[in-house]
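Pasted below: data-v2.txt, compact mmCIF, C-alpha atoms.
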# COMPACT_ATOMS: atom_id res chain seq x y z
CA MET E 4 100.17 134.18 62.48
CA THR E 5 103.56 135.54 63.46
CA GLU E 6 104.04 139.08 64.76
CA GLY E 7 104.14 141.65 61.97
CA PHE E 8 102.40 139.33 59.48
CA VAL E 9 101.15 141.15 56.37
CA GLU E 10 99.10 139.00 54.03
CA PHE E 11 100.05 138.78 50.36
CA THR E 12 96.58 139.05 48.83
CA ALA E 13 95.12 138.08 45.47
CA GLU E 14 94.98 141.78 44.55
CA MET E 15 98.68 142.14 45.35
CA LYS E 16 99.45 139.25 43.01
CA LYS E 17 98.22 141.40 40.12
CA GLU E 18 100.34 144.44 40.94
CA TYR E 19 103.28 143.52 43.18
CA LYS E 20 106.79 142.44 42.24
CA ILE E 21 108.16 139.64 44.43
CA LEU E 22 111.87 140.02 45.22
CA VAL E 23 113.89 136.80 45.50
CA PRO E 24 117.19 136.46 47.45
CA ASN E 25 120.19 135.10 45.61
CA MET E 26 120.95 131.55 46.81
CA LEU E 27 120.99 129.46 43.62
CA PRO E 28 120.95 131.96 40.73
CA MET E 29 120.42 129.42 37.95
CA HIS E 30 117.94 127.25 39.89
CA PHE E 31 115.95 130.25 41.07
CA ARG E 32 115.70 131.71 37.57
CA LEU E 33 114.04 128.49 36.41
CA ILE E 34 111.73 128.38 39.45
CA MET E 35 110.75 131.99 38.80
CA ARG E 36 109.89 131.09 35.20
CA VAL E 37 107.55 128.34 36.42
CA LEU E 38 105.85 130.73 38.83
CA LYS E 39 105.62 133.46 36.18
CA ASN E 40 103.54 131.04 34.12
CA TYR E 41 101.04 131.17 36.99
CA GLY E 42 100.90 134.95 37.26
CA TYR E 43 103.67 135.79 39.75
CA ASP E 44 105.95 138.70 38.85
CA MET E 45 109.34 137.87 40.40
CA GLU E 46 112.85 139.32 40.25
CA LEU E 47 116.10 137.74 41.44
CA LEU E 48 118.35 140.05 43.45
CA GLU E 49 121.93 139.75 42.23
CA SER E 50 123.58 142.48 44.30
CA GLU E 51 126.94 141.71 45.93
CA GLY E 52 129.38 143.38 48.30
CA LYS E 53 130.24 143.83 51.97
CA HIS E 54 127.63 146.58 52.28
CA LEU E 55 124.87 143.94 52.24
CA ALA E 56 126.14 142.32 55.45
CA GLU E 57 126.69 145.76 56.98
CA LYS E 58 123.11 146.75 56.16
CA GLY E 59 121.80 143.50 57.62
CA LEU E 60 123.75 144.08 60.83
CA ARG E 61 121.96 147.40 61.33
CA TYR E 62 118.74 145.52 61.92
CA VAL E 63 119.82 142.01 62.98
CA HIS E 64 121.93 140.94 65.95
CA ASN E 65 125.44 139.83 64.98
CA ASP E 66 124.88 136.44 66.66
CA THR E 67 122.18 135.70 64.10
CA CYS E 68 122.89 133.17 61.36
CA TYR E 69 125.09 134.73 58.66
CA PRO E 70 122.73 133.82 55.78
CA ALA E 71 119.91 135.71 57.57
CA ILE E 72 122.14 138.78 57.91
CA LEU E 73 122.98 138.63 54.19
CA VAL E 74 119.44 137.99 52.95
CA ILE E 75 117.88 140.67 55.14
CA GLY E 76 120.62 143.11 54.12
CA GLN E 77 120.04 142.28 50.44
CA PHE E 78 116.28 142.82 50.76
CA LEU E 79 116.64 146.17 52.56
CA ASP E 80 119.31 147.30 50.11
CA ALA E 81 116.90 146.57 47.23
CA ILE E 82 113.96 148.35 48.87
CA GLU E 83 116.08 151.43 49.62
CA SER E 84 117.76 151.47 46.20
CA GLY E 85 115.00 153.55 44.61
CA LYS E 86 114.53 150.92 41.91
CA TYR E 87 111.26 149.66 43.38
CA ASP E 88 108.15 151.20 44.89
CA PRO E 89 108.21 149.86 48.49
CA HIS E 90 104.40 149.85 48.45
CA LYS E 91 104.37 147.54 45.42
CA VAL E 92 106.90 144.87 46.42
CA ALA E 93 106.73 141.65 48.39
CA LEU E 94 109.62 139.53 49.64
CA ILE E 95 109.92 135.75 49.57
CA LEU E 96 111.98 133.38 51.72
CA PHE E 97 112.32 129.66 51.12
CA GLN E 98 111.78 127.79 54.40
CA THR E 99 111.91 124.17 55.56
CA GLY E 100 110.40 124.83 58.98
CA GLY E 101 113.17 122.81 60.63
CA GLY E 102 114.66 123.22 64.08
CA CYS E 103 117.68 125.44 63.32
CA ARG E 104 118.10 129.23 63.35
CA ALA E 105 116.99 129.41 59.71
CA SER E 106 113.40 128.87 60.82
CA ASN E 107 113.50 132.33 62.40
CA TYR E 108 114.42 134.14 59.17
CA VAL E 109 110.84 135.18 58.41
CA SER E 110 110.27 136.67 61.88
CA LEU E 111 113.68 138.36 61.81
CA LEU E 112 112.97 139.84 58.38
CA ARG E 113 109.60 141.22 59.49
CA LYS E 114 111.19 142.71 62.59
CA ALA E 115 113.94 144.31 60.47
CA LEU E 116 111.38 145.71 58.00
CA SER E 117 109.41 147.22 60.87
CA LYS E 118 112.56 148.83 62.34
CA ALA E 119 113.46 150.28 58.95
CA GLY E 120 109.97 151.69 58.41
CA TYR E 121 108.75 149.09 55.91
CA GLY E 122 106.49 147.04 58.14
CA TYR E 123 103.78 147.14 55.47
CA VAL E 124 105.85 145.01 53.03
CA PRO E 125 104.45 141.44 52.76
CA VAL E 126 106.83 138.53 53.41
CA ILE E 127 105.96 135.15 51.87
CA ALA E 128 107.34 132.03 53.52
CA PHE E 129 107.59 129.49 50.69
CA SER E 130 107.72 126.02 52.22
CA PHE E 131 106.49 122.59 51.20
CA GLY E 132 104.73 122.33 54.57
CA GLU E 133 102.91 125.68 54.06
CA ILE E 134 103.93 127.11 57.44
CA GLU E 135 101.92 130.23 56.55
CA LYS E 136 98.97 130.92 54.28
CA HIS E 137 98.47 133.88 51.93
CA SER E 138 95.35 134.27 49.79
CA GLY E 139 97.51 135.50 46.90
CA TRP E 140 100.09 132.71 47.14
CA LYS E 141 98.77 129.29 46.21
CA ILE E 142 101.14 126.56 45.04
CA THR E 143 99.37 123.47 43.72
CA ILE E 144 100.72 119.97 43.16
CA PRO E 145 101.15 120.55 39.38
CA ILE E 146 103.22 123.68 40.15
CA TYR E 147 105.38 121.71 42.59
CA LEU E 148 105.97 119.04 39.95
CA GLU E 149 106.99 121.66 37.39
CA ILE E 150 109.35 123.19 39.96
CA PHE E 151 110.95 119.76 40.50
CA HIS E 152 111.51 119.42 36.75
CA ALA E 153 113.06 122.91 36.67
CA LEU E 154 115.37 121.97 39.54
CA LEU E 155 116.47 118.80 37.73
CA TYR E 156 117.37 120.83 34.63
CA ALA E 157 119.29 123.29 36.84
CA ASP E 158 121.11 120.47 38.68
CA LEU E 159 122.12 119.01 35.33
CA LEU E 160 123.42 122.36 34.07
CA MET E 161 125.35 122.99 37.30
CA ASN E 162 126.85 119.50 37.24
CA LEU E 163 128.01 119.69 33.61
CA ARG E 164 129.34 123.23 33.88
CA ASN E 165 131.42 122.23 36.91
CA GLN E 166 132.85 119.27 34.99
CA CYS E 167 133.86 121.49 32.06
CA GLU E 168 134.82 124.94 33.28
CA VAL E 169 138.30 124.31 34.66
CA TYR E 170 139.32 122.26 31.59
CA GLU E 171 137.78 124.29 28.75
CA ALA E 172 140.12 125.26 25.91
CA SER E 173 138.14 128.43 25.25
CA LYS E 174 137.47 130.19 28.55
CA GLY E 175 133.80 130.94 29.14
CA ALA E 176 132.52 128.24 26.76
CA SER E 177 130.65 126.26 29.44
CA ALA E 178 129.14 129.44 30.93
CA LEU E 179 127.81 130.34 27.47
CA VAL E 180 126.21 126.91 27.02
CA CYS E 181 124.72 127.21 30.49
CA GLU E 182 123.30 130.66 29.78
CA LYS E 183 121.97 129.49 26.42
CA TRP E 184 119.94 126.76 28.13
CA VAL E 185 118.71 128.91 30.99
CA ALA E 186 117.54 131.46 28.41
CA LYS E 187 115.92 128.74 26.29
CA LEU E 188 114.13 127.15 29.24
CA THR E 189 112.89 130.46 30.59
CA SER E 190 111.70 131.97 27.29
CA GLY E 191 108.09 131.85 26.14
CA ASP E 192 105.05 130.59 28.01
CA ASN E 193 105.29 126.89 27.22
CA HIS E 194 108.78 126.07 28.50
CA LEU E 195 108.95 124.30 31.86
CA ARG E 196 105.29 123.36 31.64
CA MET E 197 104.85 119.76 32.79
CA PRO E 198 107.01 117.80 30.31
CA THR E 199 106.33 114.21 29.42
CA LYS E 200 108.96 111.57 30.20
CA LYS E 201 110.00 111.57 26.54
CA GLU E 202 110.20 115.39 26.38
CA SER E 203 112.35 115.72 29.50
CA ALA E 204 114.65 112.89 28.30
CA ARG E 205 115.08 114.70 24.96
CA THR E 206 115.89 117.98 26.75
CA TYR E 207 118.42 116.23 29.01
CA ARG E 208 120.14 114.70 25.99
CA GLU E 209 120.24 118.00 24.08
CA ILE E 210 121.80 119.76 27.08
CA ILE E 211 124.39 116.99 27.55
CA ASP E 212 125.23 116.96 23.83
CA ASP E 213 125.86 120.72 23.89
CA PHE E 214 128.29 120.39 26.79
CA ALA E 215 129.96 117.38 25.15
CA LYS E 216 130.85 119.61 22.16
CA ILE E 217 133.00 121.89 24.35
CA GLU E 218 136.71 121.35 23.71
CA LEU E 219 138.40 120.33 26.95
CA ASN E 220 142.04 119.96 27.93
CA ARG E 221 141.84 117.33 30.63
CA GLY E 222 144.96 116.69 32.65
CA GLN E 223 145.05 115.36 36.18
CA ARG E 224 141.62 115.89 37.69
CA LEU E 225 141.76 117.67 41.04
CA LYS E 226 138.17 117.39 42.23
CA VAL E 227 137.02 119.38 45.26
CA GLY E 228 133.62 118.78 46.82
CA ILE E 229 131.53 121.51 48.42
CA VAL E 230 129.10 120.62 51.22
CA GLY E 231 127.56 122.43 54.17
CA GLU E 232 124.70 124.65 55.26
CA ILE E 233 122.32 125.13 52.34
CA PHE E 234 122.84 128.87 51.78
CA VAL E 235 126.63 129.11 52.09
CA LYS E 236 126.98 125.83 50.20
CA TYR E 237 125.28 127.20 47.08
CA SER E 238 125.14 130.99 47.25
CA PRO E 239 128.02 132.93 45.63
CA LEU E 240 127.05 135.77 47.97
CA GLY E 241 127.27 133.53 51.02
CA ASN E 242 130.53 131.69 50.22
CA ASN E 243 132.52 134.48 48.50
CA ASN E 244 132.13 132.84 45.06
CA LEU E 245 133.74 129.61 46.26
CA ALA E 246 133.13 127.60 43.07
CA ASP E 247 134.75 130.34 40.93
CA PHE E 248 137.68 130.52 43.38
CA LEU E 249 138.29 126.77 43.02
CA VAL E 250 138.17 126.98 39.22
CA LYS E 251 140.66 129.88 39.21
CA ASN E 252 142.96 127.74 41.34
CA GLY E 253 142.82 124.81 38.92
CA ALA E 254 140.27 122.63 40.75
CA GLU E 255 137.01 121.09 39.56
CA PRO E 256 134.18 121.95 41.98
CA VAL E 257 131.83 119.05 42.74
CA ILE E 258 128.56 120.27 44.27
CA PRO E 259 125.76 117.84 45.16
CA GLY E 260 122.48 118.73 43.45
CA PHE E 261 119.74 120.77 45.09
CA VAL E 262 117.22 118.01 44.35
CA ASP E 263 119.15 115.85 46.84
CA PHE E 264 118.27 118.37 49.55
CA ILE E 265 114.60 118.32 48.47
CA LEU E 266 114.62 114.52 48.64
CA TYR E 267 116.30 114.71 52.07
CA CYS E 268 113.48 116.92 53.37
CA ILE E 269 110.83 114.57 51.96
CA TYR E 270 112.60 111.42 53.16
CA ASN E 271 112.91 112.78 56.70
CA VAL E 272 109.12 112.61 57.00
CA VAL E 273 109.23 109.00 55.80
CA LEU E 274 111.97 108.37 58.38
CA ASP E 275 109.69 109.57 61.20
CA LYS E 276 107.41 106.65 60.43
CA LYS E 277 110.34 104.21 60.50
CA LEU E 278 112.09 105.69 63.53
CA TYR E 279 109.11 106.35 65.76
CA GLY E 280 106.41 104.02 64.43
CA PHE E 281 104.03 106.86 63.55
CA LYS E 282 100.90 105.76 61.72
CA SER E 283 99.20 108.25 59.46
CA LEU E 284 98.15 108.64 55.85
CA VAL E 285 100.56 111.60 55.68
CA TYR E 286 103.58 109.27 55.74
CA THR E 287 102.18 107.14 52.93
CA VAL E 288 101.68 110.27 50.83
CA TYR E 289 105.26 111.38 51.49
CA GLU E 290 106.53 107.92 50.50
CA ILE E 291 104.72 108.25 47.18
CA ILE E 292 106.12 111.77 46.62
CA TYR E 293 109.62 110.55 47.52
CA ASN E 294 109.47 107.70 45.00
CA VAL E 295 108.12 109.97 42.24
CA VAL E 296 110.86 112.59 42.70
CA LEU E 297 113.56 109.92 43.06
CA LYS E 298 112.43 108.30 39.82
CA LYS E 299 112.67 111.64 38.02
CA GLN E 300 116.17 112.21 39.42
CA LYS E 301 117.26 108.77 38.22
CA ALA E 302 115.97 109.54 34.71
CA MET E 303 118.28 112.59 34.58
CA ILE E 304 121.22 110.53 35.91
CA GLU E 305 120.55 107.80 33.36
CA ALA E 306 120.69 110.35 30.53
CA ILE E 307 124.22 111.35 31.61
CA LYS E 308 125.32 107.72 31.81
CA GLU E 309 123.88 106.87 28.39
CA GLU E 310 125.74 109.73 26.68
CA GLY E 311 128.97 108.64 28.40
CA THR E 312 131.12 111.79 28.36
CA PHE E 313 130.54 112.99 31.91
CA ASP E 314 130.47 111.56 35.43
CA ALA E 315 126.89 111.01 36.59
CA PRO E 316 125.75 112.01 40.09
CA THR E 317 124.93 109.31 42.63
CA PRO E 318 121.19 108.62 43.04
CA PHE E 319 119.82 109.83 46.36
CA ASP E 320 118.72 106.37 47.51
CA VAL E 321 122.39 105.29 47.29
CA THR E 322 123.74 108.45 48.94
CA LEU E 323 121.48 108.02 51.96
CA THR E 324 122.99 104.58 52.72
CA LEU E 325 126.60 105.79 52.77
CA ALA E 326 126.70 107.31 56.25
CA LYS E 327 125.23 104.29 58.04
CA GLY E 328 127.37 103.44 61.03
CA ILE E 329 128.85 106.96 61.08
CA ILE E 330 125.85 109.14 61.96
CA SER E 331 122.27 108.41 62.98
CA PHE E 332 119.32 109.13 60.69
CA GLY E 333 117.82 110.80 63.76
CA ALA E 334 120.22 113.73 63.23
CA LYS E 335 117.85 115.80 61.09
CA MET E 336 118.38 119.43 62.13
CA GLY E 337 119.59 121.63 59.28
CA GLU E 338 121.35 119.49 56.69
CA GLY E 339 121.74 116.75 59.31
CA TRP E 340 122.81 113.29 58.20
CA LEU E 341 122.71 114.36 54.55
CA LEU E 342 125.84 116.48 55.08
CA THR E 343 127.79 113.46 56.32
CA SER E 344 126.39 111.21 53.59
CA GLU E 345 127.38 113.73 50.92
CA MET E 346 130.97 113.81 52.19
CA VAL E 347 131.15 110.01 51.97
CA GLU E 348 129.54 110.09 48.51
CA LEU E 349 132.08 112.68 47.34
CA TYR E 350 134.91 110.49 48.63
CA HIS E 351 133.62 107.49 46.66
CA SER E 352 133.26 109.75 43.58
CA ASN E 353 136.99 110.53 43.76
CA ALA E 354 136.40 114.00 45.21
CA LYS E 355 138.43 113.21 48.31
CA ASN E 356 139.14 116.89 48.92
CA ILE E 357 136.16 118.61 50.53
CA VAL E 358 135.33 122.14 51.67
CA CYS E 359 132.73 121.99 54.46
CA THR E 360 131.03 125.40 54.50
CA GLN E 361 129.12 126.62 57.53
CA PRO E 362 127.88 129.87 59.03
CA PHE E 363 129.75 130.67 62.23
CA GLY E 364 127.94 129.12 65.19
CA CYS E 365 125.71 126.85 63.07
CA LEU E 366 125.18 124.04 65.58
CA PRO E 367 123.67 121.43 63.17
CA ASN E 368 126.60 121.85 60.77
CA HIS E 369 129.22 121.89 63.51
CA ILE E 370 127.87 118.48 64.56
CA CYS E 371 127.03 116.85 61.21
CA GLY E 372 129.82 118.50 59.21
CA LYS E 373 132.84 119.61 61.21
CA GLY E 374 131.99 117.14 63.99
CA MET E 375 132.14 114.22 61.55
CA MET E 376 135.64 115.00 60.28
CA LYS E 377 137.36 112.78 62.86
CA PRO E 378 135.22 109.63 62.31
CA LEU E 379 135.44 110.13 58.53
CA LYS E 380 139.24 110.42 58.64
CA GLU E 381 139.41 107.30 60.80
CA LYS E 382 137.41 105.38 58.20
CA TYR E 383 138.96 107.05 55.14
CA PRO E 384 142.56 108.10 56.05
CA ASP E 385 143.16 109.82 52.69
CA ILE E 386 140.10 112.08 52.87
CA ASN E 387 141.09 115.77 52.94
CA ILE E 388 138.45 118.01 54.59
CA VAL E 389 138.69 121.67 55.54
CA ALA E 390 135.85 123.34 57.50
CA ILE E 391 135.36 127.01 56.64
CA ASP E 392 133.25 129.34 58.78
CA TYR E 393 131.46 132.19 56.99
CA ASP E 394 130.49 135.22 59.03
CA ALA E 395 130.15 138.99 58.71
CA GLY E 396 133.36 139.37 60.74
CA ALA E 397 135.39 136.73 58.85
CA THR E 398 137.86 137.85 56.17
CA ALA E 399 137.86 136.31 52.69
CA VAL E 400 141.68 136.29 52.75
CA ASN E 401 141.77 133.97 55.77
CA GLN E 402 139.15 131.66 54.25
CA GLU E 403 140.94 131.51 50.88
CA ASN E 404 144.34 130.88 52.45
CA ARG E 405 142.97 127.87 54.32
CA ILE E 406 141.43 126.54 51.09
CA ARG E 407 144.73 127.11 49.24
CA LEU E 408 146.52 125.04 51.89
CA MET E 409 143.98 122.26 51.39
CA LEU E 410 144.51 122.46 47.61
CA SER E 411 148.28 122.30 48.08
CA ASN E 412 147.93 119.10 50.11
CA ALA E 413 145.51 117.73 47.53
CA ARG E 414 147.98 118.31 44.69
CA LEU E 415 150.75 116.57 46.61
CA ALA E 416 148.47 113.57 47.16
CA LEU E 417 147.50 113.60 43.46
CA GLU E 418 151.16 113.64 42.40
CA SER E 419 151.95 110.77 44.78
CA GLU E 420 149.06 108.74 43.32
CA ALA E 421 150.30 109.44 39.78
CA GLU E 422 153.86 108.38 40.69
CA ALA E 423 152.58 105.20 42.36
CA GLU E 424 150.51 104.37 39.26
CA SER E 425 153.51 105.05 37.00
CA GLU E 426 155.76 102.78 39.09
CA SER E 427 153.09 100.08 39.09
CA GLU E 428 152.80 100.26 35.28
CA ALA E 429 156.60 100.15 34.93
CA LYS E 430 156.77 97.04 37.12
CA LYS E 431 154.03 95.36 35.08
CA GLU E 432 155.86 96.12 31.83
CA SER E 433 159.12 94.88 33.30
CA ALA E 434 157.51 91.65 34.52
CA SER E 435 155.86 91.17 31.14
CA GLY E 436 159.23 91.65 29.40
CA GLU E 437 160.94 89.16 31.68
CA ALA E 438 158.18 86.63 31.03
CA GLU E 439 158.60 87.03 27.25
CA LYS E 440 162.37 86.51 27.54
CA ALA E 441 161.85 83.40 29.63
CA SER E 442 159.41 81.92 27.10
CA VAL E 443 161.94 82.51 24.28

Would you put the structure from the file into structure tokens?
Amino acid sequence: MTEGFVEFTAEMKKEYKILVPNMLPMHFRLIMRVLKNYGYDMELLESEGKHLAEKGLRYVHNDTCYPAILVIGQFLDAIESGKYDPHKVALILFQTGGGCRASNYVSLLRKALSKAGYGYVPVIAFSFGEIEKHSGWKITIPIYLEIFHALLYADLLMNLRNQCEVYEASKGASALVCEKWVAKLTSGDNHLRMPTKKESARTYREIIDDFAKIELNRGQRLKVGIVGEIFVKYSPLGNNNLADFLVKNGAEPVIPGFVDFILYCIYNVVLDKKLYGFKSLVYTVYEIIYNVVLKKQKAMIEAIKEEGTFDAPTPFDVTLTLAKGIISFGAKMGEGWLLTSEMVELYHSNAKNIVCTQPFGCLPNHICGKGMMKPLKEKYPDINIVAIDYDAGATAVNQENRIRLMLSNARLALESEAEAESESEAKKESASGEAEKASV
């Protein structure tokens, strides 16, 4: 076990509250509901402000990954708030166990807790590969499957809200529908239990129908994709509420679903077999898991297509093919090849304007995100990408000004496209009129 390891025991499960960092508020609320059904008392931390990074920097070196600084600062801020008994709380971090700085978060957090005088607080590393074991933390296959269903519901809600919010006639309407469904899915003991195929399809359709009832004023659609390192891509705390900023500036945020990242992590194990010729039953098991999760994702996508009001996401098995010839599937650190594939997928989904978010000094993202800008622009000359670094020392004003410049260029391109389409239509009408005159 790692230095400073404190086991989360079965006895602790009965009495302790598990604090959860704020990366995907809606997704995590649904995950927490699933885990509550199995006896875990969890609370999502929703604190914001510069003081969280400042608190993290007291205990973590400033060269450390920005998400680690934020998460550790948020945890310590919660423990020292007086709201919780430090002797009755545990902390949880979601880990992939990959080769980037994020794999050190657990050790860094334990070191910070020890420095601050809370070395007795248990830290749970929640990973699909079970990089650590706790007698009081046992996640079974049925629980994982229920979590996947919860994530699909959350991806659907995020996708539909993003397609509505900037166009809604009554401001806040899509947020209300979103909150209604999060509340409905997280209420009672039976929600988010393993649904049948028919039950999940019915829930998808009911959610889509509710969003389809929102009155929208659609004009020209300025779609802006968000990709990057997992935390700053999704977390309002990590990216200074980027999605809200885009909406306030008249753009529709397009954010690839979290299930795509889960599928990426699973598929990378399958890739090891293909790339290196490994032979083990493990790879066969991962292939089965991959196909099961992919099938469930496609069922959600199909529900959007059948209703017909909204743009459906691209299935993961299509997304993964899009970066072939641009980046190798062997680039698997951090978000790896998925980051590049998502940028290509966004381009083909008419979200040609992309914000590539990354913590300052994040090597995997500087290679697979920022480093891919040149080859992508060579292949797609009209793609419009801006790479934004997020760091404790970076100012929101500088970040927002660079995004505003990107939006300004995007609007000019959109206007040029509209003018070209208008001229094309005028020429067609003129040619049609001349043809009619000639026939007379």

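Between Leu342 of chain E and the candidates E:Ile82, E:Ala56, E:Ile330, E:Val124, the tightest atom-to-atom separation, counting only C-alpha atoms, involves E:Ile330.
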
Discussion item. Could you list, as number ranges by chain, every residue within 9 Å of segment 165-170 of chain E, counting only C-alpha atoms and ignoring same-chain residues fewer than 6 positions away?
Written reply: E: 176-178, 214-215, 217-222, 246, 249-258, 313-314

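Ranking E:Pro316, E:Gly339, E:Pro384, E:Gly228 by their shortest atom-to-atom distance to Cys371 of chain E, with all atoms listed in the file included, puts E:Gly339 first.
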
Point (116.8, 150.2, 53.2) neighbourhood (10 Å, all atoms listed in the file) written as a compact mmCIF listing (two decimals) with C-alpha atoms, in the coordinates of the input:
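And here is the file that came out, part32.txt:
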# COMPACT_ATOMS: atom_id res chain seq x y z
CA LYS E 58 123.11 146.75 56.16
CA GLY E 59 121.80 143.50 57.62
CA ILE E 75 117.88 140.67 55.14
CA GLY E 76 120.62 143.11 54.12
CA GLN E 77 120.04 142.28 50.44
CA PHE E 78 116.28 142.82 50.76
CA LEU E 79 116.64 146.17 52.56
CA ASP E 80 119.31 147.30 50.11
CA ALA E 81 116.90 146.57 47.23
CA ILE E 82 113.96 148.35 48.87
CA GLU E 83 116.08 151.43 49.62
CA SER E 84 117.76 151.47 46.20
CA GLY E 85 115.00 153.55 44.61
CA PRO E 89 108.21 149.86 48.49
CA ALA E 115 113.94 144.31 60.47
CA LEU E 116 111.38 145.71 58.00
CA ALA E 119 113.46 150.28 58.95
CA GLY E 120 109.97 151.69 58.41
CA TYR E 121 108.75 149.09 55.91

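From atom CA of Lys118 of chain E back to atom CA of Phe97 of chain E, the distance works out to 22.2 Å.
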
Worksheet item: What separation in Å, quoted to one decimal, exists between atom CA of Asn412 of chain E and atom CA of Thr343 of chain E?
Response: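 About the pair atom CA of Asn412 of chain E and atom CA of Thr343 of chain E: they are 21.8 Å apart.
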
Could you list, with a cut-off of 10 Å and counting all atoms listed in the file, the residues of segment 223-338 of chain E near segment 386-410 of chain E, each shown with its nearest atom pair and the distance in Å rounded to one decimal, rows sorted by chain and ascending number, as JSON lines?
{"residue": "E:Leu225", "atom": "CA", "partner": "E:Leu410", "partner_atom": "CA", "distance": 8.6}
{"residue": "E:Lys226", "atom": "CA", "partner": "E:Leu410", "partner_atom": "CA", "distance": 9.7}
{"residue": "E:Val227", "atom": "CA", "partner": "E:Leu410", "partner_atom": "CA", "distance": 8.4}
{"residue": "E:Gly228", "atom": "CA", "partner": "E:Ile388", "partner_atom": "CA", "distance": 9.2}
{"residue": "E:Ile229", "atom": "CA", "partner": "E:Ile388", "partner_atom": "CA", "distance": 9.9}
{"residue": "E:Val230", "atom": "CA", "partner": "E:Ala390", "partner_atom": "CA", "distance": 9.6}
{"residue": "E:Gly231", "atom": "CA", "partner": "E:Ala390", "partner_atom": "CA", "distance": 9.0}
{"residue": "E:Val235", "atom": "CA", "partner": "E:Tyr393", "partner_atom": "CA", "distance": 7.5}
{"residue": "E:Gly241", "atom": "CA", "partner": "E:Tyr393", "partner_atom": "CA", "distance": 7.4}
{"residue": "E:Asn242", "atom": "CA", "partner": "E:Tyr393", "partner_atom": "CA", "distance": 6.9}
{"residue": "E:Asn243", "atom": "CA", "partner": "E:Ala399", "partner_atom": "CA", "distance": 7.0}
{"residue": "E:Leu245", "atom": "CA", "partner": "E:Glu403", "partner_atom": "CA", "distance": 8.8}
{"residue": "E:Phe248", "atom": "CA", "partner": "E:Glu403", "partner_atom": "CA", "distance": 8.2}
{"residue": "E:Leu249", "atom": "CA", "partner": "E:Ile406", "partner_atom": "CA", "distance": 8.7}
{"residue": "E:Asn252", "atom": "CA", "partner": "E:Arg407", "partner_atom": "CA", "distance": 8.1}
{"residue": "E:Gly253", "atom": "CA", "partner": "E:Leu410", "partner_atom": "CA", "distance": 9.2}
{"residue": "E:Ala254", "atom": "CA", "partner": "E:Leu410", "partner_atom": "CA", "distance": 8.1}

Those residues you just picked out, can you put them in a file as an mmCIF file, keeping the file's coordinate frame with C-alpha atoms?
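See again_26.cif below for the written result:
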data_model
loop_
_atom_site.group_PDB
_atom_site.id
_atom_site.type_symbol
_atom_site.label_atom_id
_atom_site.label_comp_id
_atom_site.auth_asym_id
_atom_site.auth_seq_id
_atom_site.Cartn_x
_atom_site.Cartn_y
_atom_site.Cartn_z
ATOM 1 C CA LEU E 225 141.760 117.670 41.040
ATOM 2 C CA LYS E 226 138.170 117.390 42.230
ATOM 3 C CA VAL E 227 137.020 119.380 45.260
ATOM 4 C CA GLY E 228 133.620 118.780 46.820
ATOM 5 C CA ILE E 229 131.530 121.510 48.420
ATOM 6 C CA VAL E 230 129.100 120.620 51.220
ATOM 7 C CA GLY E 231 127.560 122.430 54.170
ATOM 8 C CA VAL E 235 126.630 129.110 52.090
ATOM 9 C CA GLY E 241 127.270 133.530 51.020
ATOM 10 C CA ASN E 242 130.530 131.690 50.220
ATOM 11 C CA ASN E 243 132.520 134.480 48.500
ATOM 12 C CA LEU E 245 133.740 129.610 46.260
ATOM 13 C CA PHE E 248 137.680 130.520 43.380
ATOM 14 C CA LEU E 249 138.290 126.770 43.020
ATOM 15 C CA ASN E 252 142.960 127.740 41.340
ATOM 16 C CA GLY E 253 142.820 124.810 38.920
ATOM 17 C CA ALA E 254 140.270 122.630 40.750
#

Could you model N, CA and C atoms for segment 292-299 of chain E and present them as a PDB file, in the frame of the given file?
ATOM      1  N   ILE E 292     105.427 110.587  47.162  1.00  0.00           N
ATOM      2  CA  ILE E 292     106.120 111.770  46.620  1.00  0.00           C
ATOM      3  C   ILE E 292     107.616 111.490  46.489  1.00  0.00           C
ATOM      4  N   TYR E 293     108.181 110.881  47.525  1.00  0.00           N
ATOM      5  CA  TYR E 293     109.620 110.550  47.520  1.00  0.00           C
ATOM      6  C   TYR E 293     109.962 109.671  46.323  1.00  0.00           C
ATOM      7  N   ASN E 294     109.179 108.631  46.092  1.00  0.00           N
ATOM      8  CA  ASN E 294     109.470 107.700  45.000  1.00  0.00           C
ATOM      9  C   ASN E 294     109.299 108.360  43.628  1.00  0.00           C
ATOM     10  N   VAL E 295     108.324 109.264  43.506  1.00  0.00           N
ATOM     11  CA  VAL E 295     108.120 109.970  42.240  1.00  0.00           C
ATOM     12  C   VAL E 295     109.316 110.871  41.923  1.00  0.00           C
ATOM     13  N   VAL E 296     109.738 111.666  42.917  1.00  0.00           N
ATOM     14  CA  VAL E 296     110.860 112.590  42.700  1.00  0.00           C
ATOM     15  C   VAL E 296     112.150 111.819  42.469  1.00  0.00           C
ATOM     16  N   LEU E 297     112.362 110.738  43.230  1.00  0.00           N
ATOM     17  CA  LEU E 297     113.560 109.920  43.060  1.00  0.00           C
ATOM     18  C   LEU E 297     113.625 109.322  41.651  1.00  0.00           C
ATOM     19  N   LYS E 298     112.489 108.875  41.162  1.00  0.00           N
ATOM     20  CA  LYS E 298     112.430 108.300  39.820  1.00  0.00           C
ATOM     21  C   LYS E 298     112.807 109.337  38.763  1.00  0.00           C
ATOM     22  N   LYS E 299     112.345 110.566  38.958  1.00  0.00           N
ATOM     23  CA  LYS E 299     112.670 111.640  38.020  1.00  0.00           C
ATOM     24  C   LYS E 299     114.162 111.980  38.084  1.00  0.00           C
TER      25      LYS E 299
END
